[in-house]
Amino acid sequence: MEGEGTSLPEFDIFGGTWYKEYDANGGVDKKGVVKMKERKIKLVSIADAKAFVVAAMKCDFDVDVFYNRVVIDGKSILGVLSLDLTKVLNVRLHGENAEFEKYLETVAPLEERIA
């Protein structure tokens, strides 16, 4: 159907079902379950990496940063610094925080920014 995300297998964790569908743009499915959101970022310096981790630590949900097959906890300064900062990185949010999402717009790669 048009407008619906790609279906993933349902799985159960701690007695609750998470993410029956995955939508790269985020949102909420018909059952009211918040889906993961993904954004692209570019951290050009160690100071940018530190600012990212400080902002991520204010979130009450998991923030993952990944490049290729490596997934790092976005709240870990050592983990973020271990990634190649010359590359565009993907960030997966496991919740919603308007302030953090606004911050992510400031570190989005130039080609990803909305004019």
# chains A, B, ... in the order shown; residues from 1 in each chain; ligands from 1

$ residues_around --residues "region 88-103 of chain A" --least-positions-apart "2" --cutoff "6 Å" --atoms "only C-alpha atoms" --output "list in words"
Met36, Lys37, Glu38, Arg39, Lys40, Ile41, Lys42, Phe61, Asp62, Val63, Asp64, Val65, Phe66, Tyr67, Glu105 and Thr106 of chain A

$ residues_around --residues "Val44 (chain A)" --least-positions-apart "6" --cutoff "9 Å" --atoms "only C-alpha atoms" --output "list in words"
Leu85, Thr86, Lys87 and Val107 of chain A

$ residues_around --residues "Ser76 (chain A)" --least-positions-apart "6" --cutoff "12 Å" --atoms "only C-alpha atoms" --output "list of chain:residue names"
A:Ala49, A:Lys50, A:Ala51, A:Phe52, A:Val53, A:Val54, A:Ala55, A:Ala56, A:Met57, A:Asp62, A:Val63, A:Asp64, A:Val65, A:Ser82, A:Leu83

$ write_last_selection --atoms "C-alpha atoms" --output "PDB file, in the first residue's frame"
ATOM      1  CA  ALA A  49      31.486  14.675  18.133  1.00  0.00           C
ATOM      2  CA  LYS A  50      31.516  15.890  21.744  1.00  0.00           C
ATOM      3  CA  ALA A  51      28.530  18.202  21.122  1.00  0.00           C
ATOM      4  CA  PHE A  52      26.647  15.301  19.499  1.00  0.00           C
ATOM      5  CA  VAL A  53      27.244  13.004  22.488  1.00  0.00           C
ATOM      6  CA  VAL A  54      26.217  15.718  24.967  1.00  0.00           C
ATOM      7  CA  ALA A  55      22.979  16.276  23.006  1.00  0.00           C
ATOM      8  CA  ALA A  56      22.333  12.512  22.721  1.00  0.00           C
ATOM      9  CA  MET A  57      22.798  12.035  26.465  1.00  0.00           C
ATOM     10  CA  ASP A  62      18.666   4.787  22.755  1.00  0.00           C
ATOM     11  CA  VAL A  63      20.555   6.652  20.055  1.00  0.00           C
ATOM     12  CA  ASP A  64      22.612   4.494  17.680  1.00  0.00           C
ATOM     13  CA  VAL A  65      25.223   5.769  15.247  1.00  0.00           C
ATOM     14  CA  SER A  82      36.083   5.448  16.953  1.00  0.00           C
ATOM     15  CA  LEU A  83      34.022   6.031  13.794  1.00  0.00           C
TER      16      LEU A  83
END

$ atom_distance --atom1 "CA of Glu111 (chain A)" --atom2 "CA of Lys58 (chain A)"
27.0 Å

$ atom_distance --atom1 "CA of Leu81 (chain A)" --atom2 "CA of Ala108 (chain A)"
17.4 Å

$ atom_distance --atom1 "CA of Asp48 (chain A)" --atom2 "CA of Val71 (chain A)"
18.7 Å

$ closest_residue --among "A:Asp60, A:Leu43, A:Asn68, A:Ile77" --to "Leu104 (chain A)" --atoms "only C-alpha atoms"
A:Leu43

$ select_by_dssp --residues "region 78-108 of chain A" --states "strand (DSSP E or B)" --output "PDB file with C-alpha atoms, in the first residue's frame"
ATOM      1  CA  LEU A  89      27.072   8.669   9.492  1.00  0.00           C
ATOM      2  CA  ASN A  90      23.556   7.366  10.080  1.00  0.00           C
ATOM      3  CA  VAL A  91      21.783   8.008  13.385  1.00  0.00           C
ATOM      4  CA  ARG A  92      18.868   5.866  14.513  1.00  0.00           C
ATOM      5  CA  LEU A  93      16.568   7.284  17.183  1.00  0.00           C
TER       6      LEU A  93
END
